[in-house]
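Novice: Could you have a look at this structure, given as structure tokens, before my questions?
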Amino acid sequence: MEARDRGPVLGLIRATGFFTDAEVGVAEELLDVYLGKPDQKDYHVAVIENDEKAVAGYMTWGPTPLAEDAYDIYWMAVAPSEQGKGRGKALVRWIEDEVRRRDGRVILIETSSQPKYHGTRQFYIDLDYREVARVPDFYRAGDDRVIYAKYFR
């Protein structure tokens, strides 16, 4: 991700309709950490472009604090017009390759149990992530935190 991608990334995050204003604020904060503090090692951001070289999707990821060889996918979104074209899959495959290159052990990702996230959960399952934990009523009453993992060793 480059500084010029910041606006398009925030635009696609909002366009998905999946993120609350507070969540968009956190995503924006992480983008600013990544862009404004190039020496930090906690958050990385990758973007994928469409055929016209416009930002089609993005992912924020990084090493899991206090865990050996573990990585988190913190945020991921694909522009509504680009969904179903393999952009999200390409982003996940890219990070998997990066984690393997770093001899990583596991990737974790969490999402909501709300019905509107059914497709998101199925997306991870289809990429061979498995549900490893569920925290009932985590985000709010009736909205569980669902955690998926993929192990590499």
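Please note that chains go A, B, ... in the order of the structure tokens, that every chain numbers its residues from 1, and that ligands are numbered from 1 in the order shown.
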Need the shell around Lys53 of chain A: protein/DNA/RNA residues with any atom at most 12 Å away, counting only C-alpha atoms. Skip same-chain ones fewer than 6 positions apart. Format as a PyMOL selection string?
Specialist: chain A and resi 5+8+47
Novice: Tell me, counting only C-alpha atoms, for each residue of segment 44-95 of chain A within 10 Å of segment 109-129 of chain A, which pair of atoms is nearest and how far apart they are in Å to one decimal, in rows ordered by chain and increasing number, as a tab-separated table.
Specialist:
```
residue	atom	partner	partner_atom	distance
A:Trp61	CA	A:Ile109	CA	9.4
A:Tyr71	CA	A:Ile109	CA	8.8
A:Asp72	CA	A:Ile109	CA	5.9
A:Ile73	CA	A:Ile109	CA	5.2
A:Tyr74	CA	A:Ile109	CA	6.7
A:Trp75	CA	A:Ile109	CA	8.6
A:Met76	CA	A:Ile109	CA	9.7
A:Gly88	CA	A:Phe123	CA	8.8
A:Lys89	CA	A:Leu127	CA	7.7
A:Val92	CA	A:Leu127	CA	8.4
A:Arg93	CA	A:Leu127	CA	8.7
```
Novice: Out of chain A, which residues get strand (DSSP E) from DSSP, as a PyMOL selection string?
Specialist: chain A and resi 44-49+55-63+70-78+106-112+130-140+143-151
Novice: Would you mind listing what lies within 9 Å of Thr16 of chain A as a ChimeraX atom specification, with only C-alpha atoms counted and same-chain residues fewer than 2 positions away left out?
Specialist: /A:11-14,18-19,77-80
Novice: As a PyMOL selection string, please: the residues near segment 150-152 of chain A (cut-off 8 Å, only C-alpha atoms, same-chain neighbours under 5 positions excluded).
Specialist: chain A and resi 100+104-108+128-130
Novice: Skipping near chain neighbours, those fewer than 6 positions away, what residues fall within 10 Å of Ala46 of chain A using only C-alpha atoms, listed as a VMD selection string?
Specialist: chain A and resid 1 to 2 57 to 61 76 91 94 to 95
Novice: One decimal, Å: what's the distance from atom CA of Tyr139 of chain A over to atom CA of Gln83 of chain A, could you say?
Specialist: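 Straight-line distance from atom CA of Tyr139 of chain A to atom CA of Gln83 of chain A works out to 25.5 Å.
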